[in-house]
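Q: Pasting query_30.cif here (mmCIF, N, CA, C and O atoms):
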```cif
data_upload
#
loop_
_atom_site.group_PDB
_atom_site.id
_atom_site.type_symbol
_atom_site.label_atom_id
_atom_site.label_comp_id
_atom_site.auth_asym_id
_atom_site.auth_seq_id
_atom_site.Cartn_x
_atom_site.Cartn_y
_atom_site.Cartn_z
ATOM 1 N N MET B 75 -170.286 25.565 41.396
ATOM 2 C CA MET B 75 -168.939 25.233 40.950
ATOM 3 C C MET B 75 -168.808 25.676 39.497
ATOM 4 O O MET B 75 -169.724 25.528 38.698
ATOM 5 N N LEU B 76 -167.654 26.190 39.190
ATOM 6 C CA LEU B 76 -167.332 26.644 37.845
ATOM 7 C C LEU B 76 -166.200 25.778 37.315
ATOM 8 O O LEU B 76 -165.159 25.651 37.964
ATOM 9 N N ASN B 77 -166.406 25.141 36.173
ATOM 10 C CA ASN B 77 -165.377 24.312 35.551
ATOM 11 C C ASN B 77 -164.918 24.987 34.277
ATOM 12 O O ASN B 77 -165.734 25.280 33.400
ATOM 13 N N LEU B 78 -163.619 25.231 34.194
ATOM 14 C CA LEU B 78 -163.056 25.940 33.058
ATOM 15 C C LEU B 78 -161.891 25.193 32.450
ATOM 16 O O LEU B 78 -161.175 24.469 33.141
ATOM 17 N N LYS B 79 -161.684 25.430 31.168
ATOM 18 C CA LYS B 79 -160.468 24.978 30.498
ATOM 19 C C LYS B 79 -159.661 26.239 30.211
ATOM 20 O O LYS B 79 -160.199 27.209 29.663
ATOM 21 N N VAL B 80 -158.395 26.230 30.617
ATOM 22 C CA VAL B 80 -157.506 27.372 30.430
ATOM 23 C C VAL B 80 -156.326 26.875 29.591
ATOM 24 O O VAL B 80 -155.309 26.429 30.131
ATOM 25 N N PRO B 81 -156.469 26.917 28.269
ATOM 26 C CA PRO B 81 -155.474 26.298 27.378
ATOM 27 C C PRO B 81 -154.044 26.803 27.566
ATOM 28 O O PRO B 81 -153.096 26.048 27.379
ATOM 29 N N ASP B 82 -153.877 28.086 27.930
ATOM 30 C CA ASP B 82 -152.531 28.656 28.050
ATOM 31 C C ASP B 82 -151.867 28.363 29.395
ATOM 32 O O ASP B 82 -150.720 28.769 29.618
ATOM 33 N N MET B 83 -152.539 27.698 30.304
ATOM 34 C CA MET B 83 -151.988 27.376 31.617
ATOM 35 C C MET B 83 -151.159 26.096 31.498
ATOM 36 O O MET B 83 -151.707 25.012 31.323
ATOM 37 N N THR B 84 -149.841 26.241 31.570
ATOM 38 C CA THR B 84 -148.968 25.093 31.313
ATOM 39 C C THR B 84 -147.939 24.805 32.404
ATOM 40 O O THR B 84 -147.252 23.793 32.323
ATOM 41 N N CYS B 85 -147.804 25.693 33.404
ATOM 42 C CA CYS B 85 -146.736 25.484 34.400
ATOM 43 C C CYS B 85 -147.168 26.023 35.762
ATOM 44 O O CYS B 85 -148.249 26.588 35.906
ATOM 45 N N GLY B 86 -146.303 25.861 36.722
ATOM 46 C CA GLY B 86 -146.585 26.326 38.075
ATOM 47 C C GLY B 86 -146.769 27.833 38.150
ATOM 48 O O GLY B 86 -147.597 28.329 38.915
ATOM 49 N N HIS B 87 -145.991 28.573 37.368
ATOM 50 C CA HIS B 87 -146.146 30.031 37.342
ATOM 51 C C HIS B 87 -147.553 30.393 36.851
ATOM 52 O O HIS B 87 -148.225 31.241 37.432
ATOM 53 N N CYS B 88 -147.974 29.743 35.769
ATOM 54 C CA CYS B 88 -149.316 29.972 35.218
ATOM 55 C C CYS B 88 -150.375 29.679 36.275
ATOM 56 O O CYS B 88 -151.341 30.427 36.430
ATOM 57 N N GLU B 89 -150.185 28.599 36.984
ATOM 58 C CA GLU B 89 -151.121 28.197 38.034
ATOM 59 C C GLU B 89 -151.251 29.298 39.087
ATOM 60 O O GLU B 89 -152.349 29.626 39.531
ATOM 61 N N GLY B 90 -150.121 29.891 39.457
ATOM 62 C CA GLY B 90 -150.140 30.976 40.437
ATOM 63 C C GLY B 90 -150.872 32.207 39.933
ATOM 64 O O GLY B 90 -151.627 32.841 40.673
ATOM 65 N N VAL B 91 -150.655 32.560 38.667
ATOM 66 C CA VAL B 91 -151.332 33.719 38.086
ATOM 67 C C VAL B 91 -152.837 33.482 38.033
ATOM 68 O O VAL B 91 -153.630 34.366 38.366
ATOM 69 N N VAL B 92 -153.235 32.288 37.619
ATOM 70 C CA VAL B 92 -154.653 31.949 37.553
ATOM 71 C C VAL B 92 -155.273 32.013 38.954
ATOM 72 O O VAL B 92 -156.347 32.593 39.139
ATOM 73 N N THR B 93 -154.592 31.476 39.932
ATOM 74 C CA THR B 93 -155.090 31.499 41.309
ATOM 75 C C THR B 93 -155.249 32.930 41.806
ATOM 76 O O THR B 93 -156.280 33.290 42.382
ATOM 77 N N ARG B 94 -154.244 33.771 41.572
ATOM 78 C CA ARG B 94 -154.328 35.164 42.009
ATOM 79 C C ARG B 94 -155.461 35.902 41.298
ATOM 80 O O ARG B 94 -156.154 36.729 41.904
ATOM 81 N N ALA B 95 -155.652 35.624 40.021
ATOM 82 C CA ALA B 95 -156.730 36.280 39.271
ATOM 83 C C ALA B 95 -158.097 35.920 39.855
ATOM 84 O O ALA B 95 -158.950 36.795 40.047
ATOM 85 N N VAL B 96 -158.288 34.639 40.155
ATOM 86 C CA VAL B 96 -159.560 34.206 40.745
ATOM 87 C C VAL B 96 -159.737 34.832 42.123
ATOM 88 O O VAL B 96 -160.805 35.357 42.454
ATOM 89 N N HIS B 97 -158.681 34.829 42.929
ATOM 90 C CA HIS B 97 -158.774 35.378 44.279
ATOM 91 C C HIS B 97 -158.947 36.898 44.272
ATOM 92 O O HIS B 97 -159.411 37.463 45.272
ATOM 93 N N SER B 98 -158.610 37.566 43.172
ATOM 94 C CA SER B 98 -158.846 39.009 43.095
ATOM 95 C C SER B 98 -160.342 39.306 43.011
ATOM 96 O O SER B 98 -160.784 40.391 43.354
ATOM 97 N N VAL B 99 -161.113 38.340 42.551
ATOM 98 C CA VAL B 99 -162.573 38.476 42.462
ATOM 99 C C VAL B 99 -163.244 37.910 43.713
ATOM 100 O O VAL B 99 -164.173 38.495 44.251
ATOM 101 N N ASP B 100 -162.756 36.754 44.171
ATOM 102 C CA ASP B 100 -163.326 36.087 45.350
ATOM 103 C C ASP B 100 -162.188 35.494 46.164
ATOM 104 O O ASP B 100 -161.658 34.431 45.842
ATOM 105 N N SER B 101 -161.810 36.208 47.211
ATOM 106 C CA SER B 101 -160.655 35.774 48.015
ATOM 107 C C SER B 101 -160.895 34.456 48.737
ATOM 108 O O SER B 101 -159.939 33.804 49.163
ATOM 109 N N SER B 102 -162.139 34.029 48.861
ATOM 110 C CA SER B 102 -162.418 32.765 49.546
ATOM 111 C C SER B 102 -162.676 31.612 48.575
ATOM 112 O O SER B 102 -163.041 30.514 49.004
ATOM 113 N N ALA B 103 -162.479 31.845 47.294
ATOM 114 C CA ALA B 103 -162.696 30.786 46.302
ATOM 115 C C ALA B 103 -161.716 29.639 46.527
ATOM 116 O O ALA B 103 -160.580 29.846 46.949
ATOM 117 N N THR B 104 -162.181 28.437 46.244
ATOM 118 C CA THR B 104 -161.347 27.247 46.331
ATOM 119 C C THR B 104 -161.115 26.731 44.918
ATOM 120 O O THR B 104 -162.067 26.506 44.177
ATOM 121 N N LEU B 105 -159.833 26.556 44.563
ATOM 122 C CA LEU B 105 -159.489 26.107 43.221
ATOM 123 C C LEU B 105 -158.884 24.717 43.260
ATOM 124 O O LEU B 105 -158.104 24.397 44.156
ATOM 125 N N THR B 106 -159.234 23.916 42.280
ATOM 126 C CA THR B 106 -158.581 22.643 42.026
ATOM 127 C C THR B 106 -158.070 22.728 40.595
ATOM 128 O O THR B 106 -158.853 22.923 39.662
ATOM 129 N N ILE B 107 -156.743 22.637 40.453
ATOM 130 C CA ILE B 107 -156.126 22.831 39.145
ATOM 131 C C ILE B 107 -155.474 21.539 38.685
ATOM 132 O O ILE B 107 -154.736 20.898 39.432
ATOM 133 N N ASP B 108 -155.753 21.171 37.435
ATOM 134 C CA ASP B 108 -155.128 20.007 36.801
ATOM 135 C C ASP B 108 -154.336 20.523 35.597
ATOM 136 O O ASP B 108 -154.900 20.757 34.524
ATOM 137 N N LEU B 109 -153.034 20.742 35.803
ATOM 138 C CA LEU B 109 -152.197 21.300 34.743
ATOM 139 C C LEU B 109 -152.171 20.462 33.469
ATOM 140 O O LEU B 109 -152.297 21.017 32.374
ATOM 141 N N PRO B 110 -151.990 19.140 33.544
ATOM 142 C CA PRO B 110 -151.906 18.365 32.301
ATOM 143 C C PRO B 110 -153.127 18.507 31.391
ATOM 144 O O PRO B 110 -153.001 18.517 30.174
ATOM 145 N N SER B 111 -154.308 18.669 31.980
ATOM 146 C CA SER B 111 -155.522 18.802 31.162
ATOM 147 C C SER B 111 -155.938 20.262 30.987
ATOM 148 O O SER B 111 -156.929 20.537 30.314
ATOM 149 N N HIS B 112 -155.202 21.187 31.640
ATOM 150 C CA HIS B 112 -155.487 22.626 31.561
ATOM 151 C C HIS B 112 -156.864 22.957 32.128
ATOM 152 O O HIS B 112 -157.531 23.870 31.667
ATOM 153 N N ARG B 113 -157.298 22.220 33.129
ATOM 154 C CA ARG B 113 -158.635 22.412 33.691
ATOM 155 C C ARG B 113 -158.561 22.992 35.109
ATOM 156 O O ARG B 113 -157.671 22.651 35.878
ATOM 157 N N VAL B 114 -159.544 23.853 35.391
ATOM 158 C CA VAL B 114 -159.654 24.478 36.704
ATOM 159 C C VAL B 114 -161.092 24.328 37.181
ATOM 160 O O VAL B 114 -162.029 24.650 36.446
ATOM 161 N N SER B 115 -161.252 23.825 38.388
ATOM 162 C CA SER B 115 -162.565 23.780 39.038
ATOM 163 C C SER B 115 -162.534 24.797 40.162
ATOM 164 O O SER B 115 -161.593 24.815 40.957
ATOM 165 N N ILE B 116 -163.547 25.644 40.205
ATOM 166 C CA ILE B 116 -163.564 26.734 41.174
ATOM 167 C C ILE B 116 -164.875 26.695 41.942
ATOM 168 O O ILE B 116 -165.956 26.716 41.344
ATOM 169 N N ILE B 117 -164.760 26.642 43.259
ATOM 170 C CA ILE B 117 -165.929 26.775 44.119
ATOM 171 C C ILE B 117 -165.950 28.229 44.549
ATOM 172 O O ILE B 117 -165.033 28.698 45.236
ATOM 173 N N THR B 118 -166.978 28.948 44.096
ATOM 174 C CA THR B 118 -167.052 30.375 44.351
ATOM 175 C C THR B 118 -168.500 30.839 44.390
ATOM 176 O O THR B 118 -169.366 30.237 43.756
ATOM 177 N N SER B 119 -168.719 31.915 45.099
ATOM 178 C CA SER B 119 -170.038 32.544 45.097
ATOM 179 C C SER B 119 -170.048 33.757 44.171
ATOM 180 O O SER B 119 -171.075 34.394 43.990
ATOM 181 N N ALA B 120 -168.902 34.065 43.574
ATOM 182 C CA ALA B 120 -168.792 35.210 42.666
ATOM 183 C C ALA B 120 -169.459 34.900 41.334
ATOM 184 O O ALA B 120 -169.636 33.738 40.955
ATOM 185 N N ASP B 121 -169.789 35.952 40.627
ATOM 186 C CA ASP B 121 -170.357 35.826 39.295
ATOM 187 C C ASP B 121 -169.329 35.179 38.371
ATOM 188 O O ASP B 121 -168.168 35.604 38.326
ATOM 189 N N HIS B 122 -169.755 34.169 37.645
ATOM 190 C CA HIS B 122 -168.821 33.430 36.794
ATOM 191 C C HIS B 122 -168.219 34.312 35.708
ATOM 192 O O HIS B 122 -167.060 34.143 35.344
ATOM 193 N N ALA B 123 -168.983 35.268 35.207
ATOM 194 C CA ALA B 123 -168.464 36.178 34.185
ATOM 195 C C ALA B 123 -167.322 37.026 34.742
ATOM 196 O O ALA B 123 -166.338 37.300 34.040
ATOM 197 N N GLU B 124 -167.415 37.420 36.010
ATOM 198 C CA GLU B 124 -166.334 38.198 36.633
ATOM 199 C C GLU B 124 -165.060 37.366 36.735
ATOM 200 O O GLU B 124 -163.960 37.892 36.534
ATOM 201 N N ILE B 125 -165.204 36.096 37.044
ATOM 202 C CA ILE B 125 -164.041 35.208 37.130
ATOM 203 C C ILE B 125 -163.372 35.088 35.766
ATOM 204 O O ILE B 125 -162.152 35.245 35.649
ATOM 205 N N THR B 126 -164.150 34.819 34.729
ATOM 206 C CA THR B 126 -163.554 34.654 33.398
ATOM 207 C C THR B 126 -162.962 35.969 32.900
ATOM 208 O O THR B 126 -161.931 35.956 32.223
ATOM 209 N N GLN B 127 -163.556 37.096 33.247
ATOM 210 C CA GLN B 127 -162.989 38.393 32.872
ATOM 211 C C GLN B 127 -161.649 38.625 33.562
ATOM 212 O O GLN B 127 -160.712 39.138 32.951
ATOM 213 N N ALA B 128 -161.549 38.253 34.826
ATOM 214 C CA ALA B 128 -160.290 38.409 35.558
ATOM 215 C C ALA B 128 -159.205 37.523 34.956
ATOM 216 O O ALA B 128 -158.049 37.945 34.833
ATOM 217 N N LEU B 129 -159.568 36.308 34.569
ATOM 218 C CA LEU B 129 -158.601 35.409 33.939
ATOM 219 C C LEU B 129 -158.151 35.964 32.591
ATOM 220 O O LEU B 129 -156.960 35.930 32.263
ATOM 221 N N ASP B 130 -159.079 36.488 31.829
ATOM 222 C CA ASP B 130 -158.754 37.076 30.534
ATOM 223 C C ASP B 130 -157.801 38.258 30.720
ATOM 224 O O ASP B 130 -156.805 38.380 30.000
ATOM 225 N N ALA B 131 -158.087 39.115 31.686
ATOM 226 C CA ALA B 131 -157.242 40.279 31.962
ATOM 227 C C ALA B 131 -155.840 39.868 32.407
ATOM 228 O O ALA B 131 -154.865 40.579 32.152
ATOM 229 N N ALA B 132 -155.737 38.708 33.052
ATOM 230 C CA ALA B 132 -154.436 38.209 33.503
ATOM 231 C C ALA B 132 -153.665 37.506 32.399
ATOM 232 O O ALA B 132 -152.526 37.070 32.595
ATOM 233 N N GLY B 133 -154.289 37.371 31.221
ATOM 234 C CA GLY B 133 -153.611 36.728 30.097
ATOM 235 C C GLY B 133 -153.900 35.253 29.958
ATOM 236 O O GLY B 133 -153.221 34.549 29.211
ATOM 237 N N TYR B 134 -154.912 34.776 30.669
ATOM 238 C CA TYR B 134 -155.270 33.352 30.616
ATOM 239 C C TYR B 134 -156.750 33.204 30.282
ATOM 240 O O TYR B 134 -157.565 32.881 31.149
ATOM 241 N N PRO B 135 -157.113 33.434 29.023
ATOM 242 C CA PRO B 135 -158.520 33.289 28.652
ATOM 243 C C PRO B 135 -159.008 31.860 28.924
ATOM 244 O O PRO B 135 -158.276 30.897 28.707
ATOM 245 N N ALA B 136 -160.226 31.782 29.420
ATOM 246 C CA ALA B 136 -160.789 30.486 29.810
ATOM 247 C C ALA B 136 -162.085 30.248 29.057
ATOM 248 O O ALA B 136 -162.780 31.184 28.671
ATOM 249 N N GLU B 137 -162.380 28.980 28.879
ATOM 250 C CA GLU B 137 -163.643 28.607 28.246
ATOM 251 C C GLU B 137 -164.374 27.639 29.153
ATOM 252 O O GLU B 137 -163.752 26.865 29.881
ATOM 253 N N ALA B 138 -165.690 27.720 29.129
ATOM 254 C CA ALA B 138 -166.498 26.821 29.966
ATOM 255 C C ALA B 138 -166.208 25.386 29.579
ATOM 256 O O ALA B 138 -165.991 25.060 28.422
ATOM 257 N N ASN B 139 -166.190 24.551 30.598
ATOM 258 C CA ASN B 139 -165.837 23.163 30.386
ATOM 259 C C ASN B 139 -166.976 22.270 30.826
ATOM 260 O O ASN B 139 -167.549 22.358 31.811
#
```
So that I can check it, write out the structure of this file as C-alpha cells.

A:
Amino acid sequence: MLNLKVPDMTCGHCEGVVTRAVHSVDSSATLTIDLPSHRVSIITSADHAEITQALDAAGYPAEAN
C-alpha cells in the first residue's frame, strides 16, 4: 500500500485527475481518497516511484505520508 499526501488535490475534478494518473500506471490499482486531508491510499503492485511521477506529470505532486 502506498500512502500519499497530495496538497493540491482539493475538489472532485482533482480527484478524477489523480485517479486517472494512477490508473495510467496501474489500471487495477485501488484508490481511497480523503479530500479534506488531501490523502490518497493506493493498493498497487506498480513501482511507487512510477506512481508519484505520474501524479507529478498530471500536476499533482505527492509526498509520502

Q: Please write as a ChimeraX atom specification the list of polymer residues whose atoms come within 12 Å of (-160.9, 36.0, 37.2), counting only C-alpha atoms and keeping to the coordinates of the file.

A: /B:76,78,80,91-101,103,105,114,116,118,120-137

Q: What gap, in Å, lies between CA of Ser102 in chain B and atom C of Met75 in chain B?

A: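 Separation of CA of Ser102 in chain B and atom C of Met75 in chain B: 13.9 Å.
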
Q: Using only the atoms of range 117-122 of chain B listed in the file, plus 3 Å on each side, state the axis-aligned box centre and edge lengths in Å rounded to one decimal, as AutoDock Vina command-line options.

A:
```
--center_x -167.9 --center_y 31.3 --center_z 40.3 --size_x 12.3 --size_y 15.3 --size_z 15.9
```

Q: Step one, run DSSP on the backbone; step two, keep only residues of chain B assigned to strand (DSSP E or B); then write them as a JSON list (two decimals) with N, CA, C and O atoms, in the coordinates of the input.

A:
```
[["chain", "number", "residue", "atom", "x", "y", "z"],
["B", 76, "LEU", "N", -167.65, 26.19, 39.19],
["B", 76, "LEU", "CA", -167.33, 26.64, 37.84],
["B", 76, "LEU", "C", -166.20, 25.78, 37.32],
["B", 76, "LEU", "O", -165.16, 25.65, 37.96],
["B", 77, "ASN", "N", -166.41, 25.14, 36.17],
["B", 77, "ASN", "CA", -165.38, 24.31, 35.55],
["B", 77, "ASN", "C", -164.92, 24.99, 34.28],
["B", 77, "ASN", "O", -165.73, 25.28, 33.40],
["B", 78, "LEU", "N", -163.62, 25.23, 34.19],
["B", 78, "LEU", "CA", -163.06, 25.94, 33.06],
["B", 78, "LEU", "C", -161.89, 25.19, 32.45],
["B", 78, "LEU", "O", -161.18, 24.47, 33.14],
["B", 79, "LYS", "N", -161.68, 25.43, 31.17],
["B", 79, "LYS", "CA", -160.47, 24.98, 30.50],
["B", 79, "LYS", "C", -159.66, 26.24, 30.21],
["B", 79, "LYS", "O", -160.20, 27.21, 29.66],
["B", 104, "THR", "N", -162.18, 28.44, 46.24],
["B", 104, "THR", "CA", -161.35, 27.25, 46.33],
["B", 104, "THR", "C", -161.12, 26.73, 44.92],
["B", 104, "THR", "O", -162.07, 26.51, 44.18],
["B", 105, "LEU", "N", -159.83, 26.56, 44.56],
["B", 105, "LEU", "CA", -159.49, 26.11, 43.22],
["B", 105, "LEU", "C", -158.88, 24.72, 43.26],
["B", 105, "LEU", "O", -158.10, 24.40, 44.16],
["B", 106, "THR", "N", -159.23, 23.92, 42.28],
["B", 106, "THR", "CA", -158.58, 22.64, 42.03],
["B", 106, "THR", "C", -158.07, 22.73, 40.60],
["B", 106, "THR", "O", -158.85, 22.92, 39.66],
["B", 107, "ILE", "N", -156.74, 22.64, 40.45],
["B", 107, "ILE", "CA", -156.13, 22.83, 39.15],
["B", 107, "ILE", "C", -155.47, 21.54, 38.68],
["B", 107, "ILE", "O", -154.74, 20.90, 39.43],
["B", 108, "ASP", "N", -155.75, 21.17, 37.44],
["B", 108, "ASP", "CA", -155.13, 20.01, 36.80],
["B", 108, "ASP", "C", -154.34, 20.52, 35.60],
["B", 108, "ASP", "O", -154.90, 20.76, 34.52],
["B", 113, "ARG", "N", -157.30, 22.22, 33.13],
["B", 113, "ARG", "CA", -158.64, 22.41, 33.69],
["B", 113, "ARG", "C", -158.56, 22.99, 35.11],
["B", 113, "ARG", "O", -157.67, 22.65, 35.88],
["B", 114, "VAL", "N", -159.54, 23.85, 35.39],
["B", 114, "VAL", "CA", -159.65, 24.48, 36.70],
["B", 114, "VAL", "C", -161.09, 24.33, 37.18],
["B", 114, "VAL", "O", -162.03, 24.65, 36.45],
["B", 115, "SER", "N", -161.25, 23.82, 38.39],
["B", 115, "SER", "CA", -162.56, 23.78, 39.04],
["B", 115, "SER", "C", -162.53, 24.80, 40.16],
["B", 115, "SER", "O", -161.59, 24.82, 40.96],
["B", 116, "ILE", "N", -163.55, 25.64, 40.20],
["B", 116, "ILE", "CA", -163.56, 26.73, 41.17],
["B", 116, "ILE", "C", -164.88, 26.70, 41.94],
["B", 116, "ILE", "O", -165.96, 26.72, 41.34],
["B", 117, "ILE", "N", -164.76, 26.64, 43.26],
["B", 117, "ILE", "CA", -165.93, 26.78, 44.12],
["B", 117, "ILE", "C", -165.95, 28.23, 44.55],
["B", 117, "ILE", "O", -165.03, 28.70, 45.24],
["B", 137, "GLU", "N", -162.38, 28.98, 28.88],
["B", 137, "GLU", "CA", -163.64, 28.61, 28.25],
["B", 137, "GLU", "C", -164.37, 27.64, 29.15],
["B", 137, "GLU", "O", -163.75, 26.86, 29.88],
["B", 138, "ALA", "N", -165.69, 27.72, 29.13],
["B", 138, "ALA", "CA", -166.50, 26.82, 29.97],
["B", 138, "ALA", "C", -166.21, 25.39, 29.58],
["B", 138, "ALA", "O", -165.99, 25.06, 28.42]]
```

Q: If you run DSSP over the backbone, which residues in range 80-127 of chain B end up alpha helix (DSSP H)? Put them as a CSV table (one decimal) with N, CA, C and O atoms, in the frame of the given file.

A:
```csv
chain,number,residue,atom,x,y,z
B,86,GLY,N,-146.3,25.9,36.7
B,86,GLY,CA,-146.6,26.3,38.1
B,86,GLY,C,-146.8,27.8,38.2
B,86,GLY,O,-147.6,28.3,38.9
B,87,HIS,N,-146.0,28.6,37.4
B,87,HIS,CA,-146.1,30.0,37.3
B,87,HIS,C,-147.6,30.4,36.9
B,87,HIS,O,-148.2,31.2,37.4
B,88,CYS,N,-148.0,29.7,35.8
B,88,CYS,CA,-149.3,30.0,35.2
B,88,CYS,C,-150.4,29.7,36.3
B,88,CYS,O,-151.3,30.4,36.4
B,89,GLU,N,-150.2,28.6,37.0
B,89,GLU,CA,-151.1,28.2,38.0
B,89,GLU,C,-151.3,29.3,39.1
B,89,GLU,O,-152.3,29.6,39.5
B,90,GLY,N,-150.1,29.9,39.5
B,90,GLY,CA,-150.1,31.0,40.4
B,90,GLY,C,-150.9,32.2,39.9
B,90,GLY,O,-151.6,32.8,40.7
B,91,VAL,N,-150.7,32.6,38.7
B,91,VAL,CA,-151.3,33.7,38.1
B,91,VAL,C,-152.8,33.5,38.0
B,91,VAL,O,-153.6,34.4,38.4
B,92,VAL,N,-153.2,32.3,37.6
B,92,VAL,CA,-154.7,31.9,37.6
B,92,VAL,C,-155.3,32.0,39.0
B,92,VAL,O,-156.3,32.6,39.1
B,93,THR,N,-154.6,31.5,39.9
B,93,THR,CA,-155.1,31.5,41.3
B,93,THR,C,-155.2,32.9,41.8
B,93,THR,O,-156.3,33.3,42.4
B,94,ARG,N,-154.2,33.8,41.6
B,94,ARG,CA,-154.3,35.2,42.0
B,94,ARG,C,-155.5,35.9,41.3
B,94,ARG,O,-156.2,36.7,41.9
B,95,ALA,N,-155.7,35.6,40.0
B,95,ALA,CA,-156.7,36.3,39.3
B,95,ALA,C,-158.1,35.9,39.9
B,95,ALA,O,-159.0,36.8,40.0
B,96,VAL,N,-158.3,34.6,40.2
B,96,VAL,CA,-159.6,34.2,40.7
B,96,VAL,C,-159.7,34.8,42.1
B,96,VAL,O,-160.8,35.4,42.5
B,97,HIS,N,-158.7,34.8,42.9
B,97,HIS,CA,-158.8,35.4,44.3
B,97,HIS,C,-158.9,36.9,44.3
B,97,HIS,O,-159.4,37.5,45.3
B,98,SER,N,-158.6,37.6,43.2
B,98,SER,CA,-158.8,39.0,43.1
B,98,SER,C,-160.3,39.3,43.0
B,98,SER,O,-160.8,40.4,43.4
B,99,VAL,N,-161.1,38.3,42.6
B,99,VAL,CA,-162.6,38.5,42.5
B,99,VAL,C,-163.2,37.9,43.7
B,99,VAL,O,-164.2,38.5,44.3
B,122,HIS,N,-169.8,34.2,37.6
B,122,HIS,CA,-168.8,33.4,36.8
B,122,HIS,C,-168.2,34.3,35.7
B,122,HIS,O,-167.1,34.1,35.3
B,123,ALA,N,-169.0,35.3,35.2
B,123,ALA,CA,-168.5,36.2,34.2
B,123,ALA,C,-167.3,37.0,34.7
B,123,ALA,O,-166.3,37.3,34.0
B,124,GLU,N,-167.4,37.4,36.0
B,124,GLU,CA,-166.3,38.2,36.6
B,124,GLU,C,-165.1,37.4,36.7
B,124,GLU,O,-164.0,37.9,36.5
B,125,ILE,N,-165.2,36.1,37.0
B,125,ILE,CA,-164.0,35.2,37.1
B,125,ILE,C,-163.4,35.1,35.8
B,125,ILE,O,-162.2,35.2,35.6
B,126,THR,N,-164.2,34.8,34.7
B,126,THR,CA,-163.6,34.7,33.4
B,126,THR,C,-163.0,36.0,32.9
B,126,THR,O,-161.9,36.0,32.2
B,127,GLN,N,-163.6,37.1,33.2
B,127,GLN,CA,-163.0,38.4,32.9
B,127,GLN,C,-161.6,38.6,33.6
B,127,GLN,O,-160.7,39.1,33.0
```

Q: Fewer than 6 positions away in the same chain doesn't count, so skip those; otherwise give me all residues within 12 Å of Pro110 in chain B, counting only C-alpha atoms, as a VMD selection string.

A: chain B and resid 79 to 86 89

Q: Report the distance between atom N of Cys88 in chain B and atom C of Ala138 in chain B in Å, rounded to one decimal place.

A: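 Pair atom N of Cys88 in chain B / atom C of Ala138 in chain B returns 19.7 Å.
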
Q: Quick one: pull the distance between atom N of Asn139 in chain B and atom N of Ser111 in chain B, Å, one decimal.

A: 13.3 Å

Q: Could range 127-131 of chain B be completed with all heavy atoms and returned as a tab-separated table (two decimals), in the coordinates of the input?

A:
```tsv
chain	number	residue	atom	x	y	z
B	127	GLN	N	-163.56	37.10	33.25
B	127	GLN	CA	-162.99	38.39	32.87
B	127	GLN	C	-161.65	38.62	33.56
B	127	GLN	O	-160.71	39.14	32.95
B	127	GLN	CB	-163.96	39.52	33.21
B	127	GLN	CG	-165.17	39.57	32.30
B	127	GLN	CD	-166.22	40.55	32.78
B	127	GLN	OE1	-166.09	41.18	33.83
B	127	GLN	NE2	-167.30	40.67	32.03
B	128	ALA	N	-161.55	38.25	34.83
B	128	ALA	CA	-160.29	38.41	35.56
B	128	ALA	C	-159.21	37.52	34.96
B	128	ALA	O	-158.05	37.94	34.83
B	128	ALA	CB	-160.49	38.08	37.04
B	129	LEU	N	-159.57	36.31	34.57
B	129	LEU	CA	-158.60	35.41	33.94
B	129	LEU	C	-158.15	35.96	32.59
B	129	LEU	O	-156.96	35.93	32.26
B	129	LEU	CB	-159.20	34.01	33.77
B	129	LEU	CG	-159.39	33.23	35.07
B	129	LEU	CD1	-160.21	31.98	34.82
B	129	LEU	CD2	-158.05	32.89	35.69
B	130	ASP	N	-159.08	36.49	31.83
B	130	ASP	CA	-158.75	37.08	30.53
B	130	ASP	C	-157.80	38.26	30.72
B	130	ASP	O	-156.80	38.38	30.00
B	130	ASP	CB	-160.03	37.51	29.82
B	130	ASP	CG	-159.77	37.89	28.38
B	130	ASP	OD1	-159.09	37.13	27.67
B	130	ASP	OD2	-160.26	38.97	27.96
B	131	ALA	N	-158.09	39.12	31.69
B	131	ALA	CA	-157.24	40.28	31.96
B	131	ALA	C	-155.84	39.87	32.41
B	131	ALA	O	-154.86	40.58	32.15
B	131	ALA	CB	-157.90	41.16	33.03
```
